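Engineer: Input structure_35.pdb, format and content: PDB, C-alpha atoms.
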ATOM      1  CA  MET A  93       0.242  10.661  -5.354  1.00  0.00           C
ATOM      2  CA  PHE A  94      -2.706  13.032  -5.678  1.00  0.00           C
ATOM      3  CA  VAL A  95      -5.095  10.249  -6.621  1.00  0.00           C
ATOM      4  CA  LEU A  96      -4.044   8.047  -3.694  1.00  0.00           C
ATOM      5  CA  LEU A  97      -4.443  10.883  -1.185  1.00  0.00           C
ATOM      6  CA  ALA A  98      -7.841  11.909  -2.559  1.00  0.00           C
ATOM      7  CA  TRP A  99      -8.957   8.286  -2.633  1.00  0.00           C
ATOM      8  CA  ALA A 100      -7.838   7.676   0.956  1.00  0.00           C
ATOM      9  CA  GLY A 101      -9.593  10.852   2.061  1.00  0.00           C
ATOM     10  CA  GLY A 102     -12.741   9.867   0.218  1.00  0.00           C
ATOM     11  CA  VAL A 103     -12.848   6.414   1.784  1.00  0.00           C
ATOM     12  CA  ALA A 104     -12.386   7.969   5.224  1.00  0.00           C
ATOM     13  CA  LEU A 105     -15.176  10.453   4.486  1.00  0.00           C
ATOM     14  CA  ALA A 106     -17.573   7.690   3.432  1.00  0.00           C
ATOM     15  CA  GLY A 107     -16.642   5.773   6.563  1.00  0.00           C
ATOM     16  CA  ALA A 108     -17.362   8.815   8.721  1.00  0.00           C
ATOM     17  CA  VAL A 109     -20.815   9.243   7.183  1.00  0.00           C
ATOM     18  CA  VAL A 110     -21.781   5.591   7.603  1.00  0.00           C
ATOM     19  CA  THR A 111     -20.325   5.347  11.111  1.00  0.00           C
ATOM     20  CA  ILE A 112     -22.171   8.397  12.410  1.00  0.00           C
ATOM     21  CA  TRP A 113     -25.339   7.250  10.638  1.00  0.00           C
ATOM     22  CA  ASN A 114     -25.071   4.109  12.785  1.00  0.00           C
ATOM     23  CA  ILE A 115     -26.570   1.638  10.339  1.00  0.00           C
ATOM     24  CA  VAL A 116     -23.961  -1.126  10.442  1.00  0.00           C
ATOM     25  CA  GLY A 117     -21.740  -2.749  13.035  1.00  0.00           C
ATOM     26  CA  PRO A 118     -18.122  -1.817  13.764  1.00  0.00           C
ATOM     27  CA  GLY A 119     -16.802  -4.177  11.097  1.00  0.00           C
ATOM     28  CA  PHE A 120     -17.518  -1.688   8.319  1.00  0.00           C
ATOM     29  CA  THR A 121     -15.705   1.079  10.145  1.00  0.00           C
ATOM     30  CA  TRP A 122     -12.715  -1.199  10.645  1.00  0.00           C
ATOM     31  CA  LEU A 123     -12.748  -1.948   6.930  1.00  0.00           C
ATOM     32  CA  VAL A 124     -12.822   1.676   5.776  1.00  0.00           C
ATOM     33  CA  ALA A 125     -10.251   2.782   8.357  1.00  0.00           C
ATOM     34  CA  ALA A 126      -7.843   0.041   7.273  1.00  0.00           C
ATOM     35  CA  SER A 127      -8.501   0.748   3.593  1.00  0.00           C
ATOM     36  CA  SER A 128      -7.869   4.455   4.048  1.00  0.00           C
ATOM     37  CA  ILE A 129      -4.581   3.756   5.817  1.00  0.00           C
ATOM     38  CA  LEU A 130      -3.389   1.270   3.199  1.00  0.00           C
ATOM     39  CA  ILE A 131      -4.284   3.573   0.312  1.00  0.00           C
ATOM     40  CA  GLY A 132      -2.882   6.767   1.821  1.00  0.00           C
ATOM     41  CA  PHE A 133       0.275   5.856   3.732  1.00  0.00           C
ATOM     42  CA  TRP A 134       2.684   6.116   0.770  1.00  0.00           C
ATOM     43  CA  PRO A 135       3.589   9.833   1.142  1.00  0.00           C
ATOM     44  CA  VAL A 136       4.901   9.137   4.651  1.00  0.00           C
ATOM     45  CA  LEU A 137       7.682   7.100   3.060  1.00  0.00           C
ATOM     46  CA  GLY A 138       8.817  10.324   1.404  1.00  0.00           C
ATOM     47  CA  GLY A 139       8.697  12.298   4.630  1.00  0.00           C
ATOM     48  CA  ASP A 140       5.225  13.851   4.357  1.00  0.00           C
ATOM     49  CA  TRP A 141       4.345  13.903   8.045  1.00  0.00           C
ATOM     50  CA  VAL A 142       1.074  15.726   7.472  1.00  0.00           C
ATOM     51  CA  VAL A 143      -0.226  12.461   6.083  1.00  0.00           C
ATOM     52  CA  ALA A 144       0.925  10.746   9.278  1.00  0.00           C
ATOM     53  CA  VAL A 145      -1.684  12.813  11.140  1.00  0.00           C
ATOM     54  CA  ALA A 146      -4.364  11.519   8.782  1.00  0.00           C
ATOM     55  CA  LEU A 147      -3.196   7.945   9.292  1.00  0.00           C
ATOM     56  CA  LEU A 148      -3.320   8.368  13.062  1.00  0.00           C
ATOM     57  CA  ALA A 149      -6.817   9.857  12.893  1.00  0.00           C
ATOM     58  CA  ALA A 150      -8.019   6.969  10.707  1.00  0.00           C
ATOM     59  CA  ALA A 151      -6.547   4.482  13.173  1.00  0.00           C
ATOM     60  CA  VAL A 152      -8.303   6.236  16.062  1.00  0.00           C
ATOM     61  CA  GLY A 153     -11.541   6.096  14.086  1.00  0.00           C
ATOM     62  CA  GLY A 154     -11.207   2.342  13.717  1.00  0.00           C
ATOM     63  CA  VAL A 155     -10.266   1.703  17.326  1.00  0.00           C
ATOM     64  CA  ALA A 156     -12.905   3.985  18.883  1.00  0.00           C
ATOM     65  CA  VAL A 157     -15.952   2.704  17.013  1.00  0.00           C
ATOM     66  CA  LYS A 158     -16.996   0.103  19.584  1.00  0.00           C
ATOM     67  CA  ARG A 159     -16.887   2.628  22.431  1.00  0.00           C
ATOM     68  CA  ASN A 160     -18.129   5.827  20.841  1.00  0.00           C
ATOM     69  CA  ARG A 161     -19.372   6.036  17.262  1.00  0.00           C
ATOM     70  CA  THR A 162     -19.430   9.839  17.313  1.00  0.00           C
ATOM     71  CA  VAL A 163     -15.749  10.005  18.226  1.00  0.00           C
ATOM     72  CA  SER A 164     -14.990   7.353  15.623  1.00  0.00           C
ATOM     73  CA  GLY A 165     -16.853   9.225  12.892  1.00  0.00           C
ATOM     74  CA  ALA A 166     -15.235  12.526  13.852  1.00  0.00           C
ATOM     75  CA  ALA A 167     -11.772  10.944  13.723  1.00  0.00           C
ATOM     76  CA  LEU A 168     -12.452   9.532  10.265  1.00  0.00           C
ATOM     77  CA  GLY A 169     -13.766  12.926   9.183  1.00  0.00           C
ATOM     78  CA  LEU A 170     -10.558  14.540  10.430  1.00  0.00           C
ATOM     79  CA  ALA A 171      -8.529  11.955   8.517  1.00  0.00           C
ATOM     80  CA  SER A 172     -10.452  12.829   5.362  1.00  0.00           C
ATOM     81  CA  VAL A 173      -9.775  16.552   5.796  1.00  0.00           C
ATOM     82  CA  VAL A 174      -6.053  16.044   6.404  1.00  0.00           C
ATOM     83  CA  PHE A 175      -5.722  13.700   3.429  1.00  0.00           C
ATOM     84  CA  ALA A 176      -7.459  16.308   1.265  1.00  0.00           C
ATOM     85  CA  ILE A 177      -5.190  19.076   2.557  1.00  0.00           C
ATOM     86  CA  SER A 178      -2.161  16.988   1.666  1.00  0.00           C
ATOM     87  CA  ALA A 179      -3.607  16.317  -1.805  1.00  0.00           C
ATOM     88  CA  MET A 180      -4.023  20.050  -2.388  1.00  0.00           C
ATOM     89  CA  GLN A 181      -0.285  20.509  -2.856  1.00  0.00           C
ATOM     90  CA  TYR A 182      -0.494  18.294  -5.950  1.00  0.00           C
ATOM     91  CA  GLY A 183      -3.740  19.504  -7.520  1.00  0.00           C
ATOM     92  CA  GLY A 184      -5.072  22.625  -5.847  1.00  0.00           C
ATOM     93  CA  PRO A 185      -7.831  22.978  -3.233  1.00  0.00           C
ATOM     94  CA  LEU A 186     -10.950  22.702  -5.397  1.00  0.00           C
ATOM     95  CA  LEU A 187      -9.743  19.727  -7.399  1.00  0.00           C
ATOM     96  CA  ALA A 188      -8.673  17.978  -4.186  1.00  0.00           C
ATOM     97  CA  ILE A 189     -12.133  18.443  -2.669  1.00  0.00           C
ATOM     98  CA  THR A 190     -14.023  17.264  -5.751  1.00  0.00           C
ATOM     99  CA  ALA A 191     -11.765  14.241  -6.222  1.00  0.00           C
ATOM    100  CA  THR A 192     -12.204  13.297  -2.566  1.00  0.00           C
ATOM    101  CA  LEU A 193     -15.988  13.523  -2.877  1.00  0.00           C
ATOM    102  CA  ALA A 194     -16.050  11.600  -6.163  1.00  0.00           C
ATOM    103  CA  LEU A 195     -13.808   8.729  -5.138  1.00  0.00           C
ATOM    104  CA  GLY A 196     -15.264   8.587  -1.636  1.00  0.00           C
ATOM    105  CA  GLY A 197     -18.850   8.389  -2.818  1.00  0.00           C
ATOM    106  CA  ILE A 198     -18.191   5.747  -5.448  1.00  0.00           C
ATOM    107  CA  THR A 199     -15.888   3.589  -3.316  1.00  0.00           C
ATOM    108  CA  GLY A 200     -18.057   4.002  -0.231  1.00  0.00           C
ATOM    109  CA  GLU A 201     -21.121   2.868  -2.171  1.00  0.00           C
ATOM    110  CA  MET A 202     -19.221  -0.153  -3.455  1.00  0.00           C
ATOM    111  CA  LEU A 203     -18.001  -1.166   0.013  1.00  0.00           C
ATOM    112  CA  LEU A 204     -21.360  -0.610   1.688  1.00  0.00           C
ATOM    113  CA  GLY A 205     -23.118  -2.354  -1.188  1.00  0.00           C
ATOM    114  CA  HIS A 206     -20.983  -5.407  -0.538  1.00  0.00           C
ATOM    115  CA  TRP A 207     -21.942  -5.133   3.140  1.00  0.00           C
ATOM    116  CA  TYR A 208     -25.590  -4.942   2.133  1.00  0.00           C
ATOM    117  CA  LEU A 209     -25.311  -8.293   0.363  1.00  0.00           C
ATOM    118  CA  VAL A 210     -24.449  -9.807   3.742  1.00  0.00           C
ATOM    119  CA  ASP A 211     -26.909  -7.698   5.745  1.00  0.00           C
ATOM    120  CA  PRO A 212     -29.943  -6.684   3.619  1.00  0.00           C
ATOM    121  CA  THR A 213     -31.432  -4.751   6.547  1.00  0.00           C
ATOM    122  CA  ILE A 214     -29.160  -1.783   5.787  1.00  0.00           C
ATOM    123  CA  PRO A 215     -31.358   1.126   4.579  1.00  0.00           C
ATOM    124  CA  ARG A 216     -30.795   1.745   0.896  1.00  0.00           C
ATOM    125  CA  ILE A 217     -31.028   5.499   1.329  1.00  0.00           C
ATOM    126  CA  VAL A 218     -27.429   5.465   2.552  1.00  0.00           C
ATOM    127  CA  LEU A 219     -26.316   3.633  -0.583  1.00  0.00           C
ATOM    128  CA  ARG A 220     -28.176   6.181  -2.693  1.00  0.00           C
ATOM    129  CA  THR A 221     -26.637   9.079  -0.766  1.00  0.00           C
ATOM    130  CA  LEU A 222     -23.106   7.795  -1.357  1.00  0.00           C
ATOM    131  CA  ALA A 223     -23.849   7.132  -5.028  1.00  0.00           C
ATOM    132  CA  ILE A 224     -25.237  10.633  -5.551  1.00  0.00           C
ATOM    133  CA  GLY A 225     -22.226  12.102  -3.762  1.00  0.00           C
ATOM    134  CA  GLY A 226     -19.925  10.220  -6.115  1.00  0.00           C
ATOM    135  CA  MET A 227     -21.856  11.378  -9.186  1.00  0.00           C
ATOM    136  CA  VAL A 228     -21.828  15.013  -8.085  1.00  0.00           C
ATOM    137  CA  GLY A 229     -18.111  14.757  -7.315  1.00  0.00           C
ATOM    138  CA  ILE A 230     -17.221  13.313 -10.732  1.00  0.00           C
ATOM    139  CA  ALA A 231     -19.415  15.814 -12.585  1.00  0.00           C
ATOM    140  CA  VAL A 232     -18.073  18.871 -10.753  1.00  0.00           C
ATOM    141  CA  ASP A 233     -14.513  17.536 -10.874  1.00  0.00           C
ATOM    142  CA  SER A 234     -14.726  17.145 -14.654  1.00  0.00           C
ATOM    143  CA  VAL A 235     -16.068  20.674 -15.049  1.00  0.00           C
ATOM    144  CA  LEU A 236     -13.246  22.057 -12.910  1.00  0.00           C
ATOM    145  CA  VAL A 237     -10.635  20.154 -14.926  1.00  0.00           C
ATOM    146  CA  VAL A 238     -12.092  21.693 -18.094  1.00  0.00           C
ATOM    147  CA  ALA A 239     -12.004  25.140 -16.472  1.00  0.00           C
ATOM    148  CA  THR A 240      -8.393  24.566 -15.398  1.00  0.00           C
ATOM    149  CA  VAL A 241      -7.071  23.531 -18.801  1.00  0.00           C
ATOM    150  CA  GLY A 242      -9.329  25.785 -20.848  1.00  0.00           C
ATOM    151  CA  ALA A 243     -11.802  23.330 -22.375  1.00  0.00           C
ATOM    152  CA  PRO A 244      -9.272  21.007 -24.011  1.00  0.00           C
ATOM    153  CA  SER A 245     -10.092  19.332 -27.290  1.00  0.00           C
ATOM    154  CA  GLY A 246      -8.222  16.805 -29.367  1.00  0.00           C
ATOM    155  CA  GLY A 247      -5.557  14.384 -28.285  1.00  0.00           C
ATOM    156  CA  VAL A 248      -5.797  10.842 -27.066  1.00  0.00           C
ATOM    157  CA  ALA A 249      -5.648  11.724 -23.361  1.00  0.00           C
ATOM    158  CA  THR A 250      -8.484  14.239 -23.650  1.00  0.00           C
ATOM    159  CA  GLY A 251     -10.676  11.812 -25.548  1.00  0.00           C
ATOM    160  CA  VAL A 252     -10.055   9.082 -22.988  1.00  0.00           C
ATOM    161  CA  PHE A 253     -10.868  11.527 -20.188  1.00  0.00           C
ATOM    162  CA  TRP A 254     -14.284  12.396 -21.655  1.00  0.00           C
ATOM    163  CA  VAL A 255     -15.141   8.748 -22.280  1.00  0.00           C
ATOM    164  CA  LEU A 256     -14.148   7.721 -18.754  1.00  0.00           C
ATOM    165  CA  ALA A 257     -16.006  10.606 -17.107  1.00  0.00           C
ATOM    166  CA  ALA A 258     -19.181   9.845 -19.062  1.00  0.00           C
ATOM    167  CA  THR A 259     -18.858   6.119 -18.398  1.00  0.00           C
ATOM    168  CA  THR A 260     -18.469   6.710 -14.669  1.00  0.00           C
ATOM    169  CA  LEU A 261     -21.589   8.865 -14.559  1.00  0.00           C
ATOM    170  CA  LEU A 262     -23.553   6.290 -16.552  1.00  0.00           C
ATOM    171  CA  LEU A 263     -22.417   3.473 -14.272  1.00  0.00           C
ATOM    172  CA  MET A 264     -23.422   5.401 -11.161  1.00  0.00           C
ATOM    173  CA  ALA A 265     -26.763   6.283 -12.761  1.00  0.00           C
ATOM    174  CA  GLY A 266     -27.140   2.546 -13.275  1.00  0.00           C
ATOM    175  CA  VAL A 267     -26.384   2.025  -9.596  1.00  0.00           C
ATOM    176  CA  LEU A 268     -29.198   4.389  -8.634  1.00  0.00           C
ATOM    177  CA  GLY A 269     -31.529   2.687 -11.068  1.00  0.00           C
ATOM    178  CA  ALA A 270     -30.696  -0.770  -9.721  1.00  0.00           C
ATOM    179  CA  LEU A 271     -31.252   0.394  -6.148  1.00  0.00           C
ATOM    180  CA  ARG A 272     -34.815   1.356  -7.061  1.00  0.00           C
ATOM    181  CA  HIS A 273     -35.657  -2.320  -7.462  1.00  0.00           C
ATOM    182  CA  PRO A 274     -36.618  -3.687  -4.034  1.00  0.00           C
ATOM    183  CA  ALA A 275     -35.462  -7.199  -4.841  1.00  0.00           C
ATOM    184  CA  TYR A 276     -32.121  -8.451  -3.523  1.00  0.00           C
ATOM    185  CA  SER A 277     -30.909  -8.754  -7.124  1.00  0.00           C
ATOM    186  CA  GLY A 278     -31.167  -4.973  -7.474  1.00  0.00           C
ATOM    187  CA  ALA A 279     -28.573  -4.448  -4.761  1.00  0.00           C
ATOM    188  CA  MET A 280     -26.381  -7.123  -6.330  1.00  0.00           C
ATOM    189  CA  ALA A 281     -26.490  -5.329  -9.680  1.00  0.00           C
ATOM    190  CA  ALA A 282     -25.767  -1.966  -8.024  1.00  0.00           C
ATOM    191  CA  THR A 283     -22.729  -3.384  -6.247  1.00  0.00           C
ATOM    192  CA  GLY A 284     -21.388  -4.904  -9.438  1.00  0.00           C
ATOM    193  CA  LEU A 285     -21.803  -1.634 -11.332  1.00  0.00           C
ATOM    194  CA  SER A 286     -20.084   0.288  -8.552  1.00  0.00           C
ATOM    195  CA  TYR A 287     -17.029  -1.984  -8.830  1.00  0.00           C
ATOM    196  CA  LEU A 288     -16.674  -0.885 -12.446  1.00  0.00           C
ATOM    197  CA  ALA A 289     -17.327   2.744 -11.499  1.00  0.00           C
ATOM    198  CA  VAL A 290     -14.459   2.661  -8.999  1.00  0.00           C
ATOM    199  CA  LEU A 291     -12.072   1.682 -11.813  1.00  0.00           C
ATOM    200  CA  THR A 292     -13.349   4.253 -14.293  1.00  0.00           C
ATOM    201  CA  GLY A 293     -13.589   6.914 -11.581  1.00  0.00           C
ATOM    202  CA  LEU A 294      -9.967   6.422 -10.556  1.00  0.00           C
ATOM    203  CA  ALA A 295      -8.888   6.620 -14.186  1.00  0.00           C
ATOM    204  CA  THR A 296     -10.985   9.757 -14.736  1.00  0.00           C
ATOM    205  CA  VAL A 297      -9.395  11.546 -11.784  1.00  0.00           C
ATOM    206  CA  PHE A 298      -5.901  10.398 -12.774  1.00  0.00           C
ATOM    207  CA  ILE A 299      -6.118  11.534 -16.389  1.00  0.00           C
ATOM    208  CA  GLY A 300      -7.930  14.705 -15.351  1.00  0.00           C
ATOM    209  CA  ARG A 301      -5.016  15.682 -13.118  1.00  0.00           C
ATOM    210  CA  ILE A 302      -2.538  14.961 -15.909  1.00  0.00           C
ATOM    211  CA  LEU A 303      -4.486  17.255 -18.195  1.00  0.00           C
ATOM    212  CA  ALA A 304      -4.836  19.908 -15.505  1.00  0.00           C
ATOM    213  CA  THR A 305      -1.077  20.009 -14.985  1.00  0.00           C
ATOM    214  CA  GLY A 306      -0.312  20.198 -18.689  1.00  0.00           C
ATOM    215  CA  GLY A 307       1.127  16.731 -19.182  1.00  0.00           C
ATOM    216  CA  SER A 308      -0.058  13.629 -20.953  1.00  0.00           C
ATOM    217  CA  PRO A 309      -0.064  10.057 -19.675  1.00  0.00           C
ATOM    218  CA  LEU A 310      -0.263   8.630 -23.248  1.00  0.00           C
TER     219      LEU A 310
END
Now that the file is in, can you turn its structure into structure tokens?
Structural biologist:
Amino acid sequence: MFVLLAWAGGVALAGAVVTIWNIVGPGFTWLVAASSILIGFWPVLGGDWVVAVALLAAAVGGVAVKRNRTVSGAALGLASVVFAISAMQYGGPLLAITATLALGGITGEMLLGHWYLVDPTIPRIVLRTLAIGGMVGIAVDSVLVVATVGAPSGGVATGVFWVLAATTLLLMAGVLGALRHPAYSGAMAATGLSYLAVLTGLATVFIGRILATGGSPL
């Protein structure tokens, strides 16, 4: 549940940044708002009504974008905060924040990169900003997991965690490198790499939380 809440909060955060930056039309905001809702609604089925507030805020963010982008971005930002607060009960405040930043930056870069392939006029600095945010989030998150479990060593789960964390950072470094090429193919390569980074990033956060809570998924 932690991973879904952090992921939903991260997507909402990326949507808030892009919406307030005002570089794309309302379609992107609709996409991230809907994605955040679909990813994060599961706890409501178990009676977690705090998450319902986040879902409502995300919905407001999607609906308001055509009338007022500031209100829309603020609503998505609120959704991100509430999702993160709900995630804290499963993984603690710091780990919830870093996971939200990591998954939001990586997923946001992937979604906006796909948008860029349709509209190449989008400034690449936003793609770079999201990518850097995702890299910082994964790096700090991994350090905090190590601090939480006391620098674990040995075991299949720990080995997989290190490999996934390093792979995610390498993929996102590749994204930044690809974005340096002005040709359209550079953005295509960056988007493809970010798809892979979303998968490895999700796995990194998932296994990291298992390690942090003393269990093992394998």
Engineer: Give me, please, the distance in Å between atom CA of Ala126 of chain A and atom CA of Phe298 of chain A, quoted to one decimal.
Structural biologist: 22.6 Å
Engineer: Quick one, how far is atom CA of Val248 of chain A from atom CA of Leu303 of chain A?
Structural biologist: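 For atom CA of Val248 of chain A relative to atom CA of Leu303 of chain A, the distance reads 11.0 Å.
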Engineer: Set the distance at 10 Å and use all atoms listed in the file: which residues neighbour Val142 of chain A once local chain neighbours fewer than 6 positions away are removed? I'd like the list as an mmCIF file with C-alpha atoms, keeping the file's coordinate frame.
Structural biologist:
data_model
loop_
_atom_site.group_PDB
_atom_site.id
_atom_site.type_symbol
_atom_site.label_atom_id
_atom_site.label_comp_id
_atom_site.auth_asym_id
_atom_site.auth_seq_id
_atom_site.Cartn_x
_atom_site.Cartn_y
_atom_site.Cartn_z
ATOM 1 C CA PRO A 135 3.589 9.833 1.142
ATOM 2 C CA VAL A 136 4.901 9.137 4.651
ATOM 3 C CA VAL A 174 -6.053 16.044 6.404
ATOM 4 C CA PHE A 175 -5.722 13.700 3.429
ATOM 5 C CA ILE A 177 -5.190 19.076 2.557
ATOM 6 C CA SER A 178 -2.161 16.988 1.666
#
Engineer: Tell me which of A:Val163, A:Val255, A:Leu193, A:Leu262 sits closest to Ile112 of chain A, counting all atoms listed in the file.
Structural biologist: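 Looking only at the distances to Ile112 of chain A, the closest residue turns out to be A:Val163.
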Engineer: Can you pull out every residue within 7 Å of Val124 of chain A, counting all atoms listed in the file, but drop anything in the same chain fewer than 4 positions away, and send it as an MDAnalysis selection string?
Structural biologist: chainID A and resid 103:104 107 120 128
Engineer: Kindly indicate which residue among A:Ile198, A:Leu291, A:Leu187, A:Val210 lies nearest to Val267 of chain A, using only C-alpha atoms for the distances.
Structural biologist: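 When distances to Val267 of chain A are compared using only C-alpha atoms, the smallest one comes from A:Ile198.
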Engineer: Can you list, as a PDB file with C-alpha atoms, in the coordinates of the input, the residues that the PyMOL selection byres ((chain A and resi 292) around 10) selects here?
Structural biologist:
ATOM      1  CA  PHE A 253     -10.868  11.527 -20.188  1.00  0.00           C
ATOM      2  CA  VAL A 255     -15.141   8.748 -22.280  1.00  0.00           C
ATOM      3  CA  LEU A 256     -14.148   7.721 -18.754  1.00  0.00           C
ATOM      4  CA  ALA A 257     -16.006  10.606 -17.107  1.00  0.00           C
ATOM      5  CA  ALA A 258     -19.181   9.845 -19.062  1.00  0.00           C
ATOM      6  CA  THR A 259     -18.858   6.119 -18.398  1.00  0.00           C
ATOM      7  CA  THR A 260     -18.469   6.710 -14.669  1.00  0.00           C
ATOM      8  CA  LEU A 261     -21.589   8.865 -14.559  1.00  0.00           C
ATOM      9  CA  LEU A 263     -22.417   3.473 -14.272  1.00  0.00           C
ATOM     10  CA  SER A 286     -20.084   0.288  -8.552  1.00  0.00           C
ATOM     11  CA  TYR A 287     -17.029  -1.984  -8.830  1.00  0.00           C
ATOM     12  CA  LEU A 288     -16.674  -0.885 -12.446  1.00  0.00           C
ATOM     13  CA  ALA A 289     -17.327   2.744 -11.499  1.00  0.00           C
ATOM     14  CA  VAL A 290     -14.459   2.661  -8.999  1.00  0.00           C
ATOM     15  CA  LEU A 291     -12.072   1.682 -11.813  1.00  0.00           C
ATOM     16  CA  GLY A 293     -13.589   6.914 -11.581  1.00  0.00           C
ATOM     17  CA  LEU A 294      -9.967   6.422 -10.556  1.00  0.00           C
ATOM     18  CA  ALA A 295      -8.888   6.620 -14.186  1.00  0.00           C
ATOM     19  CA  THR A 296     -10.985   9.757 -14.736  1.00  0.00           C
ATOM     20  CA  VAL A 297      -9.395  11.546 -11.784  1.00  0.00           C
ATOM     21  CA  PHE A 298      -5.901  10.398 -12.774  1.00  0.00           C
TER      22      PHE A 298
END
Engineer: Which protein, DNA or RNA residues have an atom at most 9 Å from (-0.5, 11.6, -7.0), counting only C-alpha atoms? List them as a VMD selection string.
Structural biologist: chain A and resid 93 to 98 179 182 to 183 298 301
Engineer: When the PyMOL selection byres ((chain A and resi 115) around 9) is applied to the structure above, which residues does it catch, written out as a ChimeraX atom specification?
Structural biologist: /A:110-114,116-117,213-215,218
Engineer: Between A:Gly205, A:Ile302, A:Ala125, A:Gly251, which one has atoms that come closest to Ala282 of chain A, using all atoms listed in the file?
Structural biologist: A:Gly205
Engineer: For His206 of chain A, which residue among A:Gly229, A:Pro274, A:Leu219, A:Trp254 is the nearest when counting all atoms listed in the file?
Structural biologist: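 Counting all atoms listed in the file, the residue closest to His206 of chain A is A:Leu219.
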Engineer: Between A:Ala146, A:Leu222, A:Leu105, A:Ala191, which has the minimum distance to Met264 of chain A (counting only C-alpha atoms)?
Structural biologist: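 Nearest to Met264 of chain A: A:Leu222.
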Engineer: Let me make sure I understand: among A:Thr240, A:Thr283, A:Thr221, A:Thr121, which one has the smallest atom-to-atom distance to Arg161 of chain A if we use all atoms listed in the file?
Structural biologist: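 Smallest separation from Arg161 of chain A among the options: A:Thr121.
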Engineer: Please report the interatomic distance between atom CA of Leu285 of chain A and atom CA of Gly225 of chain A in Å with one decimal.
Structural biologist: 15.7 Å
